[in-house]
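Participant: Pasting final-v5.csv here (CSV, C-alpha atoms (C1' of nucleotides)):
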```csv
chain,number,residue,atom,x,y,z
A,18,MET,CA,15.8,12.6,-24.2
A,19,THR,CA,17.0,10.0,-21.8
A,20,GLY,CA,15.0,8.7,-18.8
A,21,TYR,CA,17.4,10.5,-16.6
A,22,ALA,CA,16.7,13.8,-18.4
A,23,VAL,CA,13.0,13.2,-18.2
A,24,ARG,CA,13.2,13.0,-14.5
A,25,GLU,CA,15.4,16.1,-14.3
A,26,ALA,CA,12.9,18.0,-16.5
A,27,ILE,CA,10.0,16.9,-14.3
A,28,ARG,CA,11.8,18.0,-11.1
A,29,ASP,CA,13.0,21.3,-12.5
A,30,GLN,CA,10.1,22.4,-14.6
A,31,LEU,CA,7.0,20.7,-13.1
A,32,GLY,CA,8.5,20.5,-9.6
A,33,HIS,CA,5.8,22.6,-7.9
A,34,PHE,CA,2.9,20.5,-9.0
A,35,TRP,CA,4.2,17.2,-10.2
A,36,SER,CA,6.8,14.5,-9.2
A,37,GLU,CA,8.0,11.2,-10.5
A,38,SER,CA,10.7,8.8,-9.3
A,39,PHE,CA,13.1,6.7,-11.3
A,40,GLY,CA,11.3,3.5,-10.2
A,41,GLN,CA,8.3,4.9,-12.0
A,42,ILE,CA,10.0,6.4,-15.1
A,43,TYR,CA,12.0,3.5,-16.4
A,44,PRO,CA,9.3,0.9,-16.4
A,45,ALA,CA,6.9,3.5,-17.9
A,46,LEU,CA,9.3,4.3,-20.7
A,47,SER,CA,9.7,0.6,-21.5
A,48,LYS,CA,6.0,0.1,-21.6
A,49,LEU,CA,5.4,3.2,-23.7
A,50,ALA,CA,8.0,2.0,-26.2
A,51,ALA,CA,6.4,-1.5,-26.3
A,52,ASP,CA,3.0,0.3,-27.0
A,53,GLY,CA,4.6,2.3,-29.8
A,54,PHE,CA,4.0,5.7,-28.2
A,55,ILE,CA,7.7,6.5,-28.0
A,56,GLU,CA,10.7,5.3,-29.9
A,57,ARG,CA,14.0,4.2,-28.3
A,58,THR,CA,17.2,5.0,-30.2
A,59,PRO,CA,20.6,4.2,-28.8
A,60,SER,CA,22.6,7.2,-27.8
A,61,GLU,CA,26.3,7.8,-28.4
A,62,ARG,CA,26.9,7.0,-24.8
A,63,ALA,CA,27.1,3.3,-23.9
A,64,ASN,CA,24.1,1.6,-22.2
A,65,SER,CA,22.0,4.7,-22.8
A,66,SER,CA,19.0,5.4,-24.9
A,67,LEU,CA,17.3,8.4,-26.2
A,68,PHE,CA,13.5,8.5,-26.4
A,69,SER,CA,11.3,10.5,-28.7
A,70,LEU,CA,7.5,10.7,-29.3
A,71,THR,CA,6.1,8.8,-32.2
A,72,ALA,CA,3.1,10.2,-34.2
A,73,SER,CA,0.7,7.9,-32.3
A,74,GLY,CA,2.4,8.9,-29.0
A,75,GLU,CA,1.8,12.5,-29.8
A,76,ARG,CA,-1.9,11.8,-30.4
A,77,ARG,CA,-2.1,9.8,-27.2
A,78,LEU,CA,-0.4,12.6,-25.3
A,79,THR,CA,-2.7,15.4,-26.4
A,80,ASP,CA,-5.7,13.1,-25.8
A,81,LEU,CA,-4.6,12.6,-22.2
A,82,LEU,CA,-3.8,16.2,-21.7
A,83,ARG,CA,-7.3,17.1,-22.9
A,84,SER,CA,-9.1,14.5,-20.8
A,85,PRO,CA,-11.0,15.7,-17.7
A,86,VAL,CA,-9.1,15.7,-14.4
A,87,GLU,CA,-10.3,12.9,-12.1
A,88,ALA,CA,-10.6,14.1,-8.5
A,89,SER,CA,-8.2,12.4,-6.1
A,90,PRO,CA,-9.6,11.3,-2.8
A,91,PRO,CA,-9.0,14.1,-0.2
A,92,ARG,CA,-6.4,13.5,2.4
A,93,SER,CA,-5.1,16.4,4.4
A,94,GLY,CA,-2.9,15.5,7.4
A,95,LEU,CA,-3.2,19.1,8.6
A,96,MET,CA,-7.0,19.2,8.6
A,97,LEU,CA,-7.2,15.8,10.2
A,98,ARG,CA,-5.0,17.0,13.1
A,99,LEU,CA,-6.9,20.3,13.5
A,100,PHE,CA,-10.3,18.5,13.4
A,101,PHE,CA,-9.2,16.7,16.6
A,102,GLY,CA,-7.9,19.8,18.1
A,103,ARG,CA,-10.0,19.4,21.2
A,104,ALA,CA,-8.0,16.3,22.0
A,105,THR,CA,-4.5,17.8,21.3
A,106,GLY,CA,-5.0,21.3,22.7
A,107,VAL,CA,-4.6,24.8,21.4
A,108,PRO,CA,-0.7,25.0,21.5
A,109,ALA,CA,-0.3,22.0,19.3
A,110,ALA,CA,-2.7,23.5,16.8
A,111,VAL,CA,-0.9,26.8,16.9
A,112,ASP,CA,2.3,25.0,16.0
A,113,LEU,CA,0.8,23.1,13.1
A,114,ILE,CA,-0.9,26.2,11.7
A,115,SER,CA,2.2,28.3,12.0
A,116,ASP,CA,4.2,25.6,10.2
A,117,ALA,CA,1.6,25.7,7.4
A,118,ARG,CA,1.8,29.4,7.2
A,119,ASP,CA,5.6,29.4,7.0
A,120,ALA,CA,5.5,26.8,4.3
A,121,ALA,CA,3.0,28.9,2.3
A,122,ALA,CA,5.1,32.0,2.7
A,123,ALA,CA,8.2,30.1,1.5
A,124,GLN,CA,6.3,28.9,-1.5
A,125,LEU,CA,5.2,32.4,-2.3
A,126,GLU,CA,8.8,33.6,-2.4
A,127,LEU,CA,9.6,30.6,-4.6
A,128,PHE,CA,6.9,31.6,-7.0
A,129,ALA,CA,8.1,35.2,-7.1
A,130,GLY,CA,11.5,33.8,-8.1
A,131,LEU,CA,10.0,31.8,-10.8
A,132,ARG,CA,8.1,34.8,-12.1
A,133,THR,CA,11.3,37.0,-12.4
A,134,LEU,CA,13.2,34.1,-13.9
A,135,GLY,CA,10.6,33.5,-16.5
A,136,ALA,CA,10.1,37.1,-17.3
A,137,ALA,CA,13.9,37.4,-17.9
A,138,GLU,CA,13.8,34.5,-20.3
A,139,VAL,CA,10.9,35.9,-22.2
A,140,ALA,CA,12.7,39.3,-22.4
A,141,ARG,CA,15.6,37.4,-24.0
A,142,GLY,CA,13.1,36.0,-26.6
A,143,LEU,CA,12.9,32.5,-25.2
A,144,ASP,CA,9.8,30.3,-24.8
A,145,ALA,CA,7.5,33.3,-25.4
A,146,ASP,CA,4.5,31.1,-26.4
A,147,HIS,CA,5.0,28.8,-23.5
A,148,TRP,CA,5.2,31.6,-20.9
A,149,PRO,CA,1.5,32.3,-20.5
A,150,TRP,CA,0.8,28.6,-19.5
A,151,TRP,CA,3.8,28.6,-17.2
A,152,LEU,CA,2.3,31.7,-15.6
A,153,ILE,CA,-1.1,30.2,-15.1
A,154,THR,CA,0.3,27.4,-13.0
A,155,ILE,CA,2.5,29.8,-11.0
A,156,SER,CA,-0.5,32.0,-10.5
A,157,ALA,CA,-2.5,29.0,-9.1
A,158,GLY,CA,0.2,28.3,-6.7
A,159,GLU,CA,0.3,31.9,-5.6
A,160,HIS,CA,-3.4,32.1,-5.0
A,161,THR,CA,-3.6,29.0,-2.9
A,162,ALA,CA,-0.5,30.0,-0.9
A,163,ARG,CA,-2.0,33.4,-0.2
A,164,ALA,CA,-5.3,31.8,0.8
A,165,THR,CA,-3.4,29.5,3.2
A,166,ILE,CA,-1.7,32.5,4.8
A,167,VAL,CA,-5.0,34.4,5.3
A,168,TRP,CA,-6.6,31.3,6.7
A,169,ALA,CA,-3.7,30.7,9.0
A,170,ASP,CA,-3.8,34.2,10.3
A,171,GLU,CA,-7.5,34.1,10.9
A,172,SER,CA,-7.3,30.7,12.6
A,173,LEU,CA,-4.4,31.8,14.8
A,174,ALA,CA,-6.4,34.9,15.9
A,175,ALA,CA,-9.4,32.7,16.7
A,176,LEU,CA,-7.2,30.3,18.7
A,177,ALA,CA,-5.6,33.2,20.6
A,178,LEU,CA,-9.1,34.2,21.7
A,179,MET,CA,-10.0,30.6,22.7
A,180,ASP,CA,-6.9,30.3,24.8
A,181,GLY,CA,-7.5,33.4,26.9
B,28,MET,CA,-17.7,1.5,17.6
B,29,THR,CA,-17.6,-1.1,14.8
B,30,GLY,CA,-15.4,-0.9,11.8
B,31,TYR,CA,-18.4,-0.1,9.7
B,32,ALA,CA,-19.3,2.8,12.0
B,33,VAL,CA,-15.7,4.0,11.8
B,34,ARG,CA,-16.0,4.3,8.0
B,35,GLU,CA,-19.4,6.0,8.3
B,36,ALA,CA,-17.9,8.5,10.7
B,37,ILE,CA,-14.9,9.2,8.4
B,38,ARG,CA,-17.2,9.7,5.4
B,39,ASP,CA,-19.7,11.9,7.1
B,40,GLN,CA,-17.5,13.9,9.4
B,41,LEU,CA,-14.1,14.1,7.8
B,42,GLY,CA,-15.4,13.7,4.3
B,43,HIS,CA,-14.1,16.9,2.9
B,44,PHE,CA,-10.5,16.3,3.9
B,45,TRP,CA,-10.1,12.6,4.5
B,46,SER,CA,-11.2,9.3,3.2
B,47,GLU,CA,-10.7,5.6,4.0
B,48,SER,CA,-12.0,2.4,2.4
B,49,PHE,CA,-13.0,-0.8,4.0
B,50,GLY,CA,-10.0,-2.6,2.6
B,51,GLN,CA,-8.0,-0.2,4.6
B,52,ILE,CA,-10.0,-0.1,7.8
B,53,TYR,CA,-10.4,-3.7,8.7
B,54,PRO,CA,-6.8,-4.7,8.5
B,55,ALA,CA,-5.8,-1.5,10.3
B,56,LEU,CA,-8.2,-2.4,13.2
B,57,SER,CA,-6.8,-5.9,13.5
B,58,LYS,CA,-3.3,-4.5,13.6
B,59,LEU,CA,-4.2,-1.8,16.1
B,60,ALA,CA,-5.8,-4.5,18.3
B,61,ALA,CA,-2.7,-6.7,18.0
B,62,ASP,CA,-0.5,-3.8,19.0
B,63,GLY,CA,-2.7,-3.1,22.1
B,64,PHE,CA,-3.8,0.4,21.0
B,65,ILE,CA,-7.5,-0.6,20.7
B,66,GLU,CA,-9.6,-3.3,22.4
B,67,ARG,CA,-12.0,-5.6,20.6
B,68,THR,CA,-15.1,-6.6,22.5
B,69,PRO,CA,-17.8,-8.8,20.9
B,70,SER,CA,-21.0,-6.9,20.3
B,71,GLU,CA,-24.5,-8.1,20.9
B,72,ARG,CA,-24.8,-8.7,17.2
B,73,ALA,CA,-23.3,-11.9,15.8
B,74,ASN,CA,-20.0,-11.8,14.0
B,75,SER,CA,-19.5,-8.2,15.0
B,76,SER,CA,-17.1,-6.4,17.3
B,77,LEU,CA,-16.9,-3.1,19.0
B,78,PHE,CA,-13.6,-1.4,19.3
B,79,SER,CA,-12.5,1.1,21.9
B,80,LEU,CA,-9.3,3.0,22.6
B,81,THR,CA,-7.0,1.6,25.3
B,82,ALA,CA,-5.0,4.0,27.4
B,83,SER,CA,-1.9,3.4,25.3
B,84,GLY,CA,-3.9,3.9,22.2
B,85,GLU,CA,-5.1,7.2,23.4
B,86,ARG,CA,-1.5,8.3,24.1
B,87,ARG,CA,-0.4,7.0,20.7
B,88,LEU,CA,-3.3,8.9,19.0
B,89,THR,CA,-2.6,12.2,20.6
B,90,ASP,CA,1.1,11.7,19.8
B,91,LEU,CA,0.3,11.2,16.1
B,92,LEU,CA,-2.1,14.1,16.0
B,93,ARG,CA,0.5,16.4,17.5
B,94,SER,CA,3.3,15.2,15.1
B,95,PRO,CA,4.3,17.5,12.2
B,96,VAL,CA,2.5,17.0,8.9
B,97,GLU,CA,4.8,15.4,6.3
B,98,ALA,CA,4.4,17.0,2.9
B,99,SER,CA,3.0,14.7,0.3
B,100,PRO,CA,4.6,14.8,-3.2
B,101,PRO,CA,2.7,17.3,-5.3
B,102,ARG,CA,0.6,15.8,-8.1
B,103,SER,CA,-2.0,18.1,-9.7
B,104,GLY,CA,-3.5,16.7,-12.9
B,105,LEU,CA,-5.0,20.1,-13.7
B,106,MET,CA,-1.7,22.0,-13.5
B,107,LEU,CA,0.0,19.3,-15.5
B,108,ARG,CA,-2.5,19.7,-18.3
B,109,LEU,CA,-2.4,23.5,-18.2
B,110,PHE,CA,1.4,23.5,-18.2
B,111,PHE,CA,1.2,21.8,-21.6
B,112,GLY,CA,-1.5,24.2,-22.8
B,113,ARG,CA,0.6,25.2,-25.8
B,114,ALA,CA,0.1,21.6,-27.1
B,115,THR,CA,-3.6,21.3,-26.4
B,116,GLY,CA,-4.8,24.7,-27.2
B,117,VAL,CA,-6.8,27.5,-25.6
B,118,PRO,CA,-10.3,25.8,-25.8
B,119,ALA,CA,-9.2,22.7,-24.0
B,120,ALA,CA,-7.7,24.8,-21.2
B,121,VAL,CA,-10.8,26.9,-20.9
B,122,ASP,CA,-12.8,23.7,-20.4
B,123,LEU,CA,-10.5,22.4,-17.7
B,124,ILE,CA,-10.4,25.7,-15.8
B,125,SER,CA,-14.2,26.1,-16.1
B,126,ASP,CA,-14.6,22.7,-14.6
B,127,ALA,CA,-12.3,23.5,-11.8
B,128,ARG,CA,-14.2,26.7,-11.1
B,129,ASP,CA,-17.5,24.9,-11.0
B,130,ALA,CA,-16.1,22.3,-8.6
B,131,ALA,CA,-14.8,25.0,-6.3
B,132,ALA,CA,-18.2,26.9,-6.4
B,133,ALA,CA,-20.0,23.6,-5.6
B,134,GLN,CA,-17.6,23.0,-2.7
B,135,LEU,CA,-18.3,26.5,-1.4
B,136,GLU,CA,-22.0,25.9,-1.3
B,137,LEU,CA,-21.3,22.6,0.5
B,138,PHE,CA,-19.3,24.4,3.1
B,139,ALA,CA,-22.0,27.0,3.6
B,140,GLY,CA,-24.4,24.1,4.3
B,141,LEU,CA,-21.9,22.6,6.9
B,142,ARG,CA,-21.7,26.0,8.6
B,143,THR,CA,-25.5,26.4,9.0
B,144,LEU,CA,-25.8,22.8,10.1
B,145,GLY,CA,-23.1,23.1,12.7
B,146,ALA,CA,-24.4,26.5,13.9
B,147,ALA,CA,-27.8,24.9,14.4
B,148,GLU,CA,-26.3,22.1,16.5
B,149,VAL,CA,-24.3,24.4,18.6
B,150,ALA,CA,-27.5,26.5,19.2
B,151,ARG,CA,-29.1,23.3,20.5
B,152,GLY,CA,-26.1,22.9,22.9
B,153,LEU,CA,-24.4,20.1,21.1
B,154,ASP,CA,-20.6,19.7,20.5
B,155,ALA,CA,-20.0,23.3,21.5
B,156,ASP,CA,-16.3,22.7,22.4
B,157,HIS,CA,-15.7,20.8,19.2
B,158,TRP,CA,-17.3,23.4,16.9
B,159,PRO,CA,-14.3,25.8,16.7
B,160,TRP,CA,-12.1,23.1,15.4
B,161,TRP,CA,-14.7,22.0,12.9
B,162,LEU,CA,-15.0,25.6,11.8
B,163,ILE,CA,-11.2,25.9,11.3
B,164,THR,CA,-11.3,23.0,8.8
B,165,ILE,CA,-14.4,24.4,7.0
B,166,SER,CA,-12.8,27.8,6.8
B,167,ALA,CA,-9.7,26.3,5.2
B,168,GLY,CA,-11.8,24.7,2.6
B,169,GLU,CA,-13.6,27.9,1.9
B,170,HIS,CA,-10.4,29.9,1.5
B,171,THR,CA,-8.9,27.5,-1.0
B,172,ALA,CA,-12.2,27.2,-2.9
B,173,ARG,CA,-12.5,31.0,-3.1
B,174,ALA,CA,-8.8,31.2,-4.2
B,175,THR,CA,-9.5,28.7,-6.9
B,176,ILE,CA,-12.4,30.7,-8.2
B,177,VAL,CA,-10.5,34.0,-8.3
B,178,TRP,CA,-7.6,32.2,-10.1
B,179,ALA,CA,-9.9,30.6,-12.5
B,180,ASP,CA,-11.6,33.9,-13.4
B,181,GLU,CA,-8.2,35.6,-13.9
B,182,SER,CA,-6.9,32.8,-16.0
B,183,LEU,CA,-10.0,32.6,-18.2
B,184,ALA,CA,-9.8,36.3,-18.8
B,185,ALA,CA,-6.1,35.9,-19.8
B,186,LEU,CA,-6.9,33.1,-22.1
B,187,ALA,CA,-9.8,35.1,-23.7
B,188,LEU,CA,-7.2,37.8,-24.6
B,189,MET,CA,-4.8,35.2,-26.0
B,190,ASP,CA,-7.4,33.7,-28.2
B,191,GLY,CA,-8.4,37.0,-29.7
C,1,DG,C1',-40.4,-13.1,3.2
C,2,DC,C1',-37.6,-9.8,1.1
C,3,DG,C1',-35.1,-5.8,0.3
C,4,DG,C1',-32.0,-2.5,2.5
C,5,DT,C1',-28.7,-1.5,5.7
C,6,DC,C1',-25.2,-3.2,8.9
C,7,DA,C1',-21.2,-5.8,9.2
C,8,DT,C1',-16.6,-8.3,8.3
C,9,DG,C1',-13.2,-9.6,5.7
C,10,DT,C1',-10.1,-11.1,1.6
C,11,DA,C1',-8.0,-10.9,-3.0
C,12,DA,C1',-6.2,-8.8,-6.8
C,13,DG,C1',-4.4,-5.1,-8.7
C,14,DT,C1',-2.6,-0.2,-9.0
C,15,DG,C1',0.5,3.3,-8.4
C,16,DG,C1',3.9,4.8,-6.1
C,17,DT,C1',8.6,5.2,-3.2
C,18,DT,C1',13.1,3.9,-1.6
C,19,DA,C1',17.0,1.5,-1.7
C,20,DC,C1',20.1,-1.1,-4.0
C,21,DA,C1',23.3,-2.5,-7.7
C,22,DT,C1',25.9,-1.3,-11.6
C,23,DG,C1',28.5,1.2,-14.6
C,24,DA,C1',29.9,5.2,-18.1
C,25,DT,C1',31.5,9.9,-18.6
C,26,DT,C1',33.2,14.2,-17.4
C,27,DA,C1',35.4,18.0,-14.7
C,28,DG,C1',39.0,19.3,-11.9
D,20,DC,C1',43.0,9.6,-10.8
D,21,DT,C1',39.1,10.6,-8.5
D,22,DA,C1',34.9,12.5,-7.3
D,23,DA,C1',30.6,14.0,-9.1
D,24,DT,C1',27.3,13.5,-12.2
D,25,DC,C1',24.9,11.0,-15.8
D,26,DA,C1',22.5,6.8,-16.6
D,27,DT,C1',19.7,2.4,-16.2
D,28,DG,C1',17.3,-0.7,-14.1
D,29,DT,C1',15.4,-4.0,-10.4
D,30,DA,C1',13.5,-5.5,-5.9
D,31,DA,C1',11.1,-4.9,-1.9
D,32,DC,C1',7.8,-2.7,0.0
D,33,DC,C1',3.8,0.5,1.1
D,34,DA,C1',-0.7,2.6,0.8
D,35,DC,C1',-4.6,2.3,-1.2
D,36,DT,C1',-8.9,1.0,-4.1
D,37,DT,C1',-12.2,-2.0,-6.0
D,38,DA,C1',-14.5,-5.9,-6.2
D,39,DC,C1',-15.9,-9.9,-4.3
D,40,DA,C1',-17.9,-13.2,-0.9
D,41,DT,C1',-20.5,-13.8,3.0
D,42,DG,C1',-23.9,-13.2,6.2
D,43,DA,C1',-26.8,-10.9,10.3
D,44,DC,C1',-30.5,-7.9,11.4
D,45,DC,C1',-34.5,-4.8,10.8
D,46,DG,C1',-38.6,-2.8,8.9
D,47,DC,C1',-42.3,-3.4,6.1
```
So, in terms of structure tokens, how does the structure I just supplied come out?

Facilitator:
Amino acid sequence: MTGYAVREAIRDQLGHFWSESFGQIYPALSKLAADGFIERTPSERANSSLFSLTASGERRLTDLLRSPVEASPPRSGLMLRLFFGRATGVPAAVDLISDARDAAAAQLELFAGLRTLGAAEVARGLDADHWPWWLITISAGEHTARATIVWADESLAALALMDG
Amino acid sequence: MTGYAVREAIRDQLGHFWSESFGQIYPALSKLAADGFIERTPSERANSSLFSLTASGERRLTDLLRSPVEASPPRSGLMLRLFFGRATGVPAAVDLISDARDAAAAQLELFAGLRTLGAAEVARGLDADHWPWWLITISAGEHTARATIVWADESLAALALMDG
DNA sequence: GCGGTCATGTAAGTGGTTACATGATTAG
DNA sequence: CTAATCATGTAACCACTTACATGACCGC
């Protein structure tokens, strides 16, 4: 596929848990090609290349995918703000938590859509062996979104008591 | 407080949802002082300064704390790996999910510790008006950790069926 | 006096985004 | 023919981490 197509695929298929920008993709493709992990072949279109995995690239990829996940340093803007709630007051905190709740609810709907979309594709015999993996990532998103909503409701209730 | 103390406070008090490194803190303090948001006064100790919020800094801080949280681009190494589970196989996925479950369980214990620690301080009459906010952030951590555990157990069960 | 902690800062490098510049191809 | 989309790449910049260099102070 082309670099452009890579980005489209990331946005459309990994969108809810991964993102990459063009400024990242094109240099990465050049480097991967230089390292022999992917192969560049000119496409029919002018000034355009198609990339495909080499055998060593495939090995490298599965190695990376099997490697343990390194923890990223925590950085939650929402929690930071709530931690200093004493300084900003209850109403500001209510706003922030309500926003987070809304965002989680919206995500939940989005995941429901992905579920029906995927189920329909599977019913048509497409991507059947990929579907369980797809489902695991959707399920993770749903669980955390639901947890966020429960937490938000509890916290909003607690703040309502504080205020009165 | 000193820059060093700022970092200690961030590590010890915001540790579970925020982090900063020295390389970040010292330049930031210099810039904040140049902008008039904090004031640098030499401390008794040689080559050491104490910083304190100015009036404009206090205003700026509460403004920032009240500002809406901007969403950071999603990037979950775990989900990325699981999404390509077809390529890496069930056992690799089981390892990854088990690790995530363990990490969440460990976090949960940590949060339980923070709860008892904080409750003890409040019982001794310390930080009583800060405690509810502290609790909100702990609660958020607990909810997401529990959600992770439930998701992990469900997913491991699903993978066990796939394998057989 | 010596090791640990307190303290400040810089340098090099990484990983990422946004914006810009450019042009080919296709759909209407 | 013209607007949208496909396509590639670079430049500038930002946020952040790690490692390094330096030294004061304190307790034993």

Participant: Show me, as a ChimeraX atom specification, the residues that have an atom within 10 Å of DA26 in chain D when counting all atoms listed in the file, minus same-chain residues fewer than 3 positions from it.

Facilitator: /A:19-22,62-66 /C:23-25

Participant: Should the cut-off be 12 Å, what would the residue list for chain D against chain B look like, counting all atoms listed in the file, as an MDAnalysis selection string?

Facilitator: chainID D and resid 34:39 41:44

Participant: Within 7 Å of chain B, which residues of chain A show up? Give each one with its shortest atom-to-atom distance in Å (one decimal) and the two atoms involved, counting all atoms listed in the file, rows by chain then rising residue number, as CSV.

Facilitator:
```
residue,atom,partner,partner_atom,distance
A:His33,CA,B:Pro101,CA,6.7
A:Phe34,CA,B:Pro101,CA,4.9
A:Trp35,CA,B:Arg102,CA,4.4
A:Ser36,CA,B:Pro101,CA,6.3
A:Thr79,CA,B:Thr115,CA,6.0
A:Leu82,CA,B:Arg108,CA,5.0
A:Arg83,CA,B:Ala119,CA,6.0
A:Pro85,CA,B:Leu123,CA,6.7
A:Val86,CA,B:Gly104,CA,5.9
A:Pro90,CA,B:Ser46,CA,6.5
A:Pro91,CA,B:Phe44,CA,4.9
A:Arg92,CA,B:Trp45,CA,4.3
A:Ser93,CA,B:Phe44,CA,5.4
A:Gly94,CA,B:Val96,CA,5.8
A:Leu95,CA,B:Val96,CA,6.1
A:Met96,CA,B:Thr164,CA,5.7
A:Arg98,CA,B:Leu92,CA,5.0
A:Leu99,CA,B:Trp160,CA,6.2
A:Phe100,CA,B:Trp160,CA,5.3
A:Gly102,CA,B:Trp160,CA,6.0
A:Arg103,CA,B:His157,CA,6.2
A:Ala104,CA,B:Thr89,CA,6.9
A:Thr105,CA,B:Thr89,CA,6.0
A:Ala109,CA,B:Arg93,CA,5.9
A:Leu113,CA,B:Pro95,CA,6.7
A:His147,CA,B:Arg113,CA,6.1
A:Trp150,CA,B:Phe110,CA,5.3
A:Trp151,CA,B:Phe110,CA,5.7
A:Ile153,CA,B:Ser182,CA,6.4
A:Thr154,CA,B:Met106,CA,5.8
A:Ala157,CA,B:Trp178,CA,6.1
A:His160,CA,B:Ala174,CA,5.5
A:Thr161,CA,B:Ala174,CA,5.8
A:Ala164,CA,B:His170,CA,5.5
A:Trp168,CA,B:Ala167,CA,6.1
A:Ser172,CA,B:Ile163,CA,6.3
```

Participant: Per residue of chain C within 12 Å of chain A, what are the shortest atom pair and its distance in Å to one decimal, counting only C-alpha atoms (C1' of nucleotides), with rows by chain and residue number, as a Markdown table?

Facilitator:
```
| residue | atom | partner | partner_atom | distance |
| --- | --- | --- | --- | --- |
| C:DG15 | C1' | A:Gln41 | CA | 8.7 |
| C:DG16 | C1' | A:Gln41 | CA | 7.4 |
| C:DT17 | C1' | A:Ser38 | CA | 7.4 |
| C:DT18 | C1' | A:Gly40 | CA | 8.8 |
| C:DA19 | C1' | A:Gly40 | CA | 10.4 |
| C:DC20 | C1' | A:Gly40 | CA | 11.7 |
| C:DT22 | C1' | A:Asn64 | CA | 11.1 |
| C:DG23 | C1' | A:Asn64 | CA | 8.8 |
| C:DA24 | C1' | A:Ala63 | CA | 6.7 |
| C:DT25 | C1' | A:Arg62 | CA | 8.2 |
```

Participant: Provide the CA of Ser73 in chain A to C1' of DG28 in chain D distance in Å, to one decimal place.

Facilitator: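 Taking CA of Ser73 in chain A as the start and C1' of DG28 in chain D as the end point, the length is 26.1 Å.
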
Participant: How many Å separate CA of Phe68 in chain A from C1' of DG13 in chain C?

Facilitator: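 The value is 28.6 Å.
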
Participant: Could you please determine the separation between CA of Leu70 in chain A and CA of Ile55 in chain A in Å, to one decimal place?

Facilitator: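 Between CA of Leu70 in chain A and CA of Ile55 in chain A the gap works out to 4.4 Å.
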
Participant: Range 49-53 of chain B from the block above, all heavy atoms, as a PDB file, in the first residue's frame, please?

Facilitator:
```
ATOM      1  N   PHE B  49      13.088  16.515  35.808  1.00  0.00           N
ATOM      2  CA  PHE B  49      13.866  17.716  36.093  1.00  0.00           C
ATOM      3  C   PHE B  49      14.096  18.540  34.834  1.00  0.00           C
ATOM      4  O   PHE B  49      14.012  19.764  34.857  1.00  0.00           O
ATOM      5  CB  PHE B  49      15.216  17.335  36.706  1.00  0.00           C
ATOM      6  CG  PHE B  49      15.114  16.921  38.136  1.00  0.00           C
ATOM      7  CD1 PHE B  49      15.684  15.758  38.590  1.00  0.00           C
ATOM      8  CD2 PHE B  49      14.429  17.714  39.054  1.00  0.00           C
ATOM      9  CE1 PHE B  49      15.593  15.388  39.912  1.00  0.00           C
ATOM     10  CE2 PHE B  49      14.331  17.340  40.377  1.00  0.00           C
ATOM     11  CZ  PHE B  49      14.905  16.174  40.808  1.00  0.00           C
ATOM     12  N   GLY B  50      14.401  17.863  33.754  1.00  0.00           N
ATOM     13  CA  GLY B  50      14.672  18.547  32.494  1.00  0.00           C
ATOM     14  C   GLY B  50      13.507  19.396  32.036  1.00  0.00           C
ATOM     15  O   GLY B  50      13.639  20.279  31.197  1.00  0.00           O
ATOM     16  N   GLN B  51      12.341  19.079  32.577  1.00  0.00           N
ATOM     17  CA  GLN B  51      11.125  19.819  32.252  1.00  0.00           C
ATOM     18  C   GLN B  51      10.905  20.942  33.273  1.00  0.00           C
ATOM     19  O   GLN B  51      10.551  22.058  32.923  1.00  0.00           O
ATOM     20  CB  GLN B  51       9.955  18.817  32.332  1.00  0.00           C
ATOM     21  CG  GLN B  51       8.685  19.239  31.650  1.00  0.00           C
ATOM     22  CD  GLN B  51       8.746  19.193  30.157  1.00  0.00           C
ATOM     23  OE1 GLN B  51       9.817  18.987  29.552  1.00  0.00           O
ATOM     24  NE2 GLN B  51       7.631  19.407  29.533  1.00  0.00           N
ATOM     25  N   ILE B  52      11.165  20.636  34.531  1.00  0.00           N
ATOM     26  CA  ILE B  52      10.791  21.534  35.624  1.00  0.00           C
ATOM     27  C   ILE B  52      11.647  22.796  35.669  1.00  0.00           C
ATOM     28  O   ILE B  52      11.124  23.913  35.746  1.00  0.00           O
ATOM     29  CB  ILE B  52      10.879  20.782  36.974  1.00  0.00           C
ATOM     30  CG1 ILE B  52       9.706  19.799  37.079  1.00  0.00           C
ATOM     31  CG2 ILE B  52      10.856  21.749  38.142  1.00  0.00           C
ATOM     32  CD1 ILE B  52       9.804  18.851  38.246  1.00  0.00           C
ATOM     33  N   TYR B  53      12.970  22.649  35.601  1.00  0.00           N
ATOM     34  CA  TYR B  53      13.814  23.825  35.787  1.00  0.00           C
ATOM     35  C   TYR B  53      13.614  24.864  34.691  1.00  0.00           C
ATOM     36  O   TYR B  53      13.443  26.051  34.994  1.00  0.00           O
ATOM     37  CB  TYR B  53      15.283  23.406  35.943  1.00  0.00           C
ATOM     38  CG  TYR B  53      15.539  22.796  37.296  1.00  0.00           C
ATOM     39  CD1 TYR B  53      15.868  21.462  37.437  1.00  0.00           C
ATOM     40  CD2 TYR B  53      15.417  23.564  38.444  1.00  0.00           C
ATOM     41  CE1 TYR B  53      16.081  20.903  38.685  1.00  0.00           C
ATOM     42  CE2 TYR B  53      15.628  23.011  39.688  1.00  0.00           C
ATOM     43  CZ  TYR B  53      15.964  21.682  39.811  1.00  0.00           C
ATOM     44  OH  TYR B  53      16.165  21.140  41.042  1.00  0.00           O
TER      45      TYR B  53
END
```
